[in-house]
Structure formats: C-alpha cells, structure tokens
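Next comes structure-v4.tsv, a file with TSV, C-alpha atoms.
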chain	number	residue	atom	x	y	z
A	1341	GLY	CA	-1.97	25.86	-27.55
A	1342	ASP	CA	-1.80	23.02	-30.08
A	1343	VAL	CA	1.30	24.48	-31.73
A	1344	THR	CA	3.19	24.55	-28.43
A	1345	VAL	CA	2.19	20.95	-27.69
A	1346	ARG	CA	3.33	19.76	-31.13
A	1347	CYS	CA	6.65	21.58	-30.72
A	1348	TRP	CA	7.05	20.07	-27.22
A	1349	ARG	CA	6.52	16.58	-28.62
A	1350	ASP	CA	9.15	17.32	-31.25
A	1351	GLY	CA	11.62	18.25	-28.50
A	1352	ASP	CA	11.65	22.05	-28.91
A	1353	PRO	CA	13.49	23.51	-25.84
A	1354	ASN	CA	11.30	26.62	-25.48
A	1355	SER	CA	8.07	24.65	-25.76
A	1356	SER	CA	9.41	22.05	-23.33
A	1357	SER	CA	10.09	24.82	-20.80
A	1358	LEU	CA	6.56	26.20	-21.18
A	1359	ILE	CA	4.94	22.77	-20.84
A	1360	GLY	CA	7.19	21.89	-17.89
A	1361	ALA	CA	6.30	25.09	-16.07
A	1362	ALA	CA	2.58	24.48	-16.67
A	1363	MET	CA	2.85	20.92	-15.33
A	1364	LEU	CA	4.70	22.06	-12.22
A	1365	ASN	CA	2.10	24.76	-11.62
A	1366	ARG	CA	-0.75	22.26	-11.90
A	1367	ALA	CA	1.06	19.89	-9.55
A	1368	LYS	CA	1.57	22.70	-7.02
A	1369	VAL	CA	-2.14	23.57	-7.12
A	1370	LEU	CA	-3.02	19.94	-6.40
A	1371	THR	CA	-0.47	19.46	-3.61
A	1372	ASP	CA	-1.45	22.77	-2.00
A	1373	GLY	CA	-4.98	21.42	-1.90
A	1374	GLY	CA	-3.82	18.39	0.06
A	1375	LEU	CA	-3.74	15.94	-2.85
A	1376	VAL	CA	-0.86	13.59	-3.65
A	1377	CYS	CA	0.56	14.35	-7.09
A	1378	SER	CA	3.56	13.07	-9.04
A	1379	ILE	CA	5.03	13.75	-12.48
A	1380	LYS	CA	6.56	10.88	-14.44
A	1381	THR	CA	9.47	11.17	-16.82
A	1382	ARG	CA	9.54	9.24	-20.08
A	1383	LYS	CA	12.11	6.86	-18.59
A	1384	GLU	CA	9.82	6.15	-15.63
A	1385	VAL	CA	6.90	5.44	-17.95
A	1386	VAL	CA	9.01	3.01	-20.00
A	1387	ASN	CA	10.25	1.29	-16.83
A	1388	GLU	CA	6.67	0.99	-15.60
A	1389	GLN	CA	5.57	-0.63	-18.88
A	1390	THR	CA	8.53	-3.01	-18.80
A	1391	ALA	CA	7.86	-4.02	-15.18
A	1392	THR	CA	4.17	-4.60	-15.95
A	1393	SER	CA	5.05	-6.85	-18.90
A	1394	VAL	CA	7.53	-8.84	-16.79
A	1395	ILE	CA	4.94	-9.41	-14.04
A	1396	LYS	CA	2.39	-10.56	-16.61
A	1397	LEU	CA	4.94	-12.99	-18.04
A	1398	ILE	CA	5.75	-14.35	-14.57
A	1399	ASN	CA	2.03	-14.83	-13.95
A	1400	LEU	CA	1.69	-16.82	-17.18
A	1401	VAL	CA	4.61	-19.00	-16.11
A	1402	ALA	CA	3.05	-19.57	-12.68
A	1403	GLN	CA	-0.28	-20.49	-14.25
A	1404	SER	CA	1.29	-23.01	-16.63
A	1405	CYS	CA	1.80	-25.80	-14.06
A	1406	ASP	CA	2.01	-26.46	-10.30
A	1407	PRO	CA	5.82	-27.00	-10.12
A	1408	LEU	CA	6.52	-23.65	-11.82
A	1409	CYS	CA	3.90	-21.94	-9.65
A	1410	ASP	CA	5.72	-23.27	-6.59
A	1411	GLN	CA	9.07	-22.02	-7.94
A	1412	VAL	CA	7.67	-18.54	-8.60
A	1413	SER	CA	6.09	-18.40	-5.15
A	1414	SER	CA	9.40	-19.46	-3.60
A	1415	GLY	CA	11.25	-16.70	-5.42
A	1416	ILE	CA	8.83	-13.97	-4.35
A	1417	SER	CA	8.26	-15.13	-0.78
A	1418	GLY	CA	12.02	-15.52	-0.35
A	1419	ARG	CA	12.28	-18.91	1.29
A	1420	GLY	CA	15.76	-18.94	2.78
A	1421	ILE	CA	16.56	-15.43	1.50
A	1422	THR	CA	15.12	-11.94	1.80
A	1423	SER	CA	11.43	-11.78	0.87
A	1424	THR	CA	10.25	-9.25	-1.71
A	1425	LEU	CA	6.74	-9.22	-0.22
A	1426	PRO	CA	7.18	-6.66	2.61
A	1427	PRO	CA	8.63	-3.84	0.46
A	1428	LEU	CA	6.07	-4.46	-2.29
A	1429	LEU	CA	3.17	-4.45	0.17
A	1430	ARG	CA	4.57	-1.40	1.96
A	1431	ASN	CA	4.57	0.57	-1.30
A	1432	ASP	CA	1.46	-1.03	-2.78
A	1433	LEU	CA	-0.66	2.13	-2.51
A	1434	LYS	CA	1.93	4.09	-4.50
A	1435	LEU	CA	2.20	1.72	-7.46
A	1436	PRO	CA	0.74	2.73	-10.85
A	1437	TYR	CA	-2.65	1.26	-11.72
A	1438	LYS	CA	-1.54	-1.03	-14.58
A	1439	LEU	CA	1.42	-2.33	-12.60
A	1440	VAL	CA	-0.60	-2.96	-9.45
A	1441	SER	CA	-3.35	-4.74	-11.43
A	1442	SER	CA	-0.79	-7.18	-12.85
A	1443	TRP	CA	0.81	-7.58	-9.41
A	1444	HIS	CA	-2.52	-8.42	-7.74
A	1445	ALA	CA	-3.34	-10.92	-10.49
A	1446	LEU	CA	0.00	-12.63	-9.81
A	1447	LEU	CA	-0.71	-12.71	-6.06
A	1448	LEU	CA	-4.07	-14.37	-6.67
A	1449	THR	CA	-2.36	-17.04	-8.75
A	1450	LEU	CA	0.30	-17.69	-6.10
A	1451	LEU	CA	-2.19	-17.84	-3.23
A	1452	ALA	CA	-2.96	-21.37	-4.40
A	1453	VAL	CA	0.36	-22.34	-2.77
A	1454	PRO	CA	-0.15	-22.76	1.02
A	1455	ASN	CA	3.40	-21.72	1.94
A	1456	PHE	CA	3.04	-18.55	-0.11
A	1457	LYS	CA	-0.28	-17.76	1.56
A	1458	ALA	CA	1.43	-18.02	4.95
A	1459	SER	CA	4.28	-15.76	3.79
A	1460	LEU	CA	1.80	-13.19	2.47
A	1461	ALA	CA	-0.08	-13.27	5.77
A	1462	ASN	CA	3.16	-12.58	7.67
A	1463	ALA	CA	4.13	-9.72	5.34
A	1464	TYR	CA	0.61	-8.31	5.61
A	1465	CYS	CA	0.84	-8.18	9.40
A	1466	ASP	CA	4.39	-6.75	9.38
A	1467	THR	CA	3.49	-3.87	7.03
A	1468	TYR	CA	-0.07	-3.18	8.17
A	1469	ARG	CA	0.75	-0.21	10.43
A	1470	ALA	CA	2.92	1.55	7.85
A	1471	VAL	CA	0.38	1.13	5.05
A	1472	THR	CA	-2.59	2.09	7.24
A	1473	GLY	CA	-0.77	5.23	8.41
A	1474	GLU	CA	-0.11	6.36	4.84
A	1475	TYR	CA	-3.66	5.59	3.75
A	1476	ALA	CA	-4.99	7.66	6.68
A	1477	ARG	CA	-2.92	10.56	5.34
A	1478	GLY	CA	-4.48	10.32	1.89
A	1479	VAL	CA	-2.05	8.06	0.03
A	1480	GLY	CA	-3.64	5.54	-2.33
A	1481	LEU	CA	-7.07	4.06	-2.99
A	1482	ILE	CA	-8.25	1.13	-0.89
A	1483	GLU	CA	-9.87	-0.64	-3.86
A	1484	ARG	CA	-6.46	-0.78	-5.56
A	1485	SER	CA	-4.68	-2.11	-2.50
A	1486	SER	CA	-3.42	-5.68	-2.17
A	1487	TYR	CA	-4.82	-5.56	1.37
A	1488	THR	CA	-8.20	-6.43	-0.12
A	1489	LEU	CA	-6.70	-9.92	-0.54
A	1490	SER	CA	-6.48	-10.35	3.23
A	1491	VAL	CA	-9.75	-12.29	3.18
A	1492	GLN	CA	-7.72	-15.15	1.65
A	1493	PHE	CA	-6.05	-15.83	5.02
A	1494	LEU	CA	-7.90	-13.87	7.71
A	1495	ASN	CA	-10.87	-16.22	7.36
A	1496	ARG	CA	-8.67	-19.20	8.26
A	1497	ILE	CA	-8.30	-19.95	11.98
A	1498	SER	CA	-4.84	-21.47	11.58
A	1499	TYR	CA	-3.40	-18.36	9.89
A	1500	VAL	CA	-5.03	-15.94	12.32
A	1501	THR	CA	-3.81	-17.95	15.32
A	1502	ASP	CA	-0.24	-17.84	14.03
A	1503	LEU	CA	-0.47	-14.10	13.32
A	1504	VAL	CA	-1.78	-13.36	16.81
A	1505	ARG	CA	0.86	-15.50	18.49
A	1506	GLU	CA	3.92	-14.76	16.34
A	1507	ARG	CA	3.18	-11.37	14.73
A	1508	SER	CA	1.16	-9.56	17.45
A	1509	LEU	CA	-1.81	-9.07	15.12
A	1510	ILE	CA	-4.18	-7.76	17.82
A	1511	THR	CA	-1.59	-5.29	19.12
A	1512	ASN	CA	-0.97	-4.03	15.58
A	1513	LEU	CA	-4.68	-3.51	15.04
A	1514	PHE	CA	-5.05	-1.54	18.29
A	1515	LEU	CA	-1.99	0.56	17.43
A	1516	CYS	CA	-3.42	1.34	14.00
A	1517	LEU	CA	-6.75	2.32	15.54
A	1518	TYR	CA	-5.04	4.55	18.10
A	1519	GLU	CA	-2.83	6.26	15.50
A	1520	ILE	CA	-5.70	6.83	13.05
A	1521	LEU	CA	-7.93	8.28	15.76
A	1522	SER	CA	-5.07	10.50	16.93
A	1523	LEU	CA	-4.59	11.74	13.37
A	1524	ALA	CA	-8.32	12.31	12.87
A	1525	THR	CA	-8.77	14.27	16.11
A	1526	ILE	CA	-5.97	16.82	15.67
A	1527	THR	CA	-7.28	20.28	16.59
A	1528	GLU	CA	-5.67	23.70	16.88
A	1529	VAL	CA	-6.85	24.11	20.49
A	1530	PRO	CA	-6.69	20.82	22.46
A	1531	THR	CA	-10.06	19.89	23.92
A	1532	PRO	CA	-10.41	18.09	27.29
A	1533	VAL	CA	-11.15	14.89	25.38
A	1534	MET	CA	-7.94	15.24	23.33
A	1535	ARG	CA	-5.84	16.07	26.39
A	1536	ASP	CA	-7.09	12.93	28.13
A	1537	PHE	CA	-6.59	10.88	24.96
A	1538	GLU	CA	-3.03	12.11	24.37
A	1539	ALA	CA	-2.10	11.67	28.02
A	1540	VAL	CA	-2.69	7.94	27.81
A	1541	GLY	CA	-0.03	7.35	25.14
A	1542	THR	CA	0.59	4.25	23.06
A	1543	SER	CA	1.94	2.29	26.03
A	1544	ASN	CA	-1.57	1.55	27.29
A	1545	LEU	CA	-3.84	0.96	24.33
A	1546	ILE	CA	-6.69	-0.58	26.28
A	1547	ALA	CA	-6.85	2.49	28.52
A	1548	ALA	CA	-6.83	4.69	25.43
A	1549	ILE	CA	-9.85	2.94	24.00
A	1550	MET	CA	-11.65	3.13	27.37
A	1551	VAL	CA	-10.98	6.87	27.61
A	1552	LEU	CA	-12.40	7.38	24.13
A	1553	LEU	CA	-15.46	5.27	24.83
A	1554	GLY	CA	-15.99	6.96	28.17
A	1555	HIS	CA	-16.14	10.40	26.60
A	1556	ALA	CA	-18.23	9.16	23.68
A	1557	SER	CA	-20.89	7.57	25.88

Spit out the file's structure as structure tokens when you get a sec.
Amino acid sequence: GDVTVRCWRDGDPNSSSLIGAAMLNRAKVLTDGGLVCSIKTRKEVVNEQTATSVIKLINLVAQSCDPLCDQVSSGISGRGITSTLPPLLRNDLKLPYKLVSSWHALLLTLLAVPNFKASLANAYCDTYRAVTGEYARGVGLIERSSYTLSVQFLNRISYVTDLVRERSLITNLFLCLYEILSLATITEVPTPVMRDFEAVGTSNLIAAIMVLLGHAS
C-alpha cells in the first residue's frame, strides 16, 4: 500500500524487501510470457541520465560549427583508432528511450560529414545480422532503432556499391533472411518443407530460397 511505498522510499529495509519481491515477481510474469524485462538500480538510472546529458552536449558542440562537427565525427567513427559505432549499433535496440533519442539526434547531425556517413554505412553492414537476429527474437522496437537512418546511405549508389563489394551486403541480407525464416518456421514436429529447408544449410543460400519458393508456389 501507500505506507509501504513511503517507507521504501525512506529506505526502510522491510519495505524494501517487500517492494523488491513484488518487482521480481512482476518481472518473472513478463519474462515467462516471452517479454524482455529489466530492472534498473538507482545507480543505473543516474548513469543513464548522465550519459544522455553528455550526448546532448556533444550534439550541441557538433552543431556549433563545421570544424567541431568534423572533430566529433572523427572521435566517434574512430579514424585511425577503434570505432565506437559498431558496439553502439549492436546494442542500439537495448538502449533506454531517452538515451537512444539523444544518440539518434547526434547521428543525424554527424551524417552531414561524408566520411562519417561512410563509417556509419560500414558499421551498419557489419552489425546488421546480429541486430536483425535479436529483433527477430523480440528485442527492441524498430521505430526506436538507428537502423531507420539507413536511408541516408542506402539510397546512394556509391555507398551501396562499396558495401556490396567490401562488406558483402547482399550475402548479409540473404543470411538474415534465411536465419529469420528458420526462426519463424520452428515446429515441434518437422514438416517435409522444414526438413528440405534445413537440409540446405547456410552454405547455399540461393538454393535455400529456391526450396522455399518451390514449396510456396
């Protein structure tokens, strides 16, 4: 009740135990139902707020003038050093809403720098399979994903050509399609269609698609 909540906020040990048990029980109900659920500690909430403020500040710096925007883009894309883009994109679907909103706003600012746009395109292609696999398993919301920014470079022939030649974009897309279809067609008793589909394996993606189309026609 209200008294327990007030005591919990005041740090009462018994009330904290009751509230903690209730939170864990609610989380278990959600996860048992197939939903992704997490519980944040106060420290994690404070860290999230701090990180969001820092990203907003960096975005203001990048927006102030072209030279600073170029410096910020260089730092994030990691020219000459390790890029921070792949790990951030790989975990994009797991980021809190306020943090990811600030992060996407910063990306939009930095996309004005051609070199950064190329780096983002490369990181997008490198992490696409991992992110798509998690999304297919129920992690994240597509409207909150930085992958909605892909239109910034996938509608440019020069970027797409480089991705196909240097990053195996087409192969990645076929692999993602194969893996998602495999995940979506899991059954307790394998059907003839599934046995044929699984027998093909990932080594021959074109044959896999032909098998699927052949049974679907």

Determine, using all atoms listed in the file, which residues of region 1454-1496 of chain A have any atom at most 10 Å from an atom of region 1394-1412 of chain A, and tabulate each with its shortest atom pair and distance in Å to one decimal place, rows ordered by chain and then rising number, as a tab-separated table.
residue	atom	partner	partner_atom	distance
A:Pro1454	CA	A:Asp1410	CA	9.6
A:Asn1455	CA	A:Asp1410	CA	9.0
A:Phe1456	CA	A:Asp1410	CA	8.5

Task: Pairwise distance for CA of Leu1447 (chain A) and CA of Cys1377 (chain A), rounded to one decimal in Å - done: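 Here the two named atoms are 27.1 Å from each other.
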
TODO: Could you tell me how far CA of Ala1367 (chain A) lies from CA of Lys1380 (chain A), in Å and to one decimal?
DONE: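 Separating CA of Ala1367 (chain A) from CA of Lys1380 (chain A) is a distance of 11.6 Å.
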
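When CA of Arg1430 (chain A) is paired with CA of Ala1470 (chain A), their separation reads 6.8 Å.
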
TODO: For each of A:Glu1519, A:Glu1388, A:Asp1432, A:Asp1350, take the minimum atom-to-atom distance to Arg1477 (chain A), counting all atoms listed in the file, then give the residue where this is smallest.
DONE: A:Glu1519
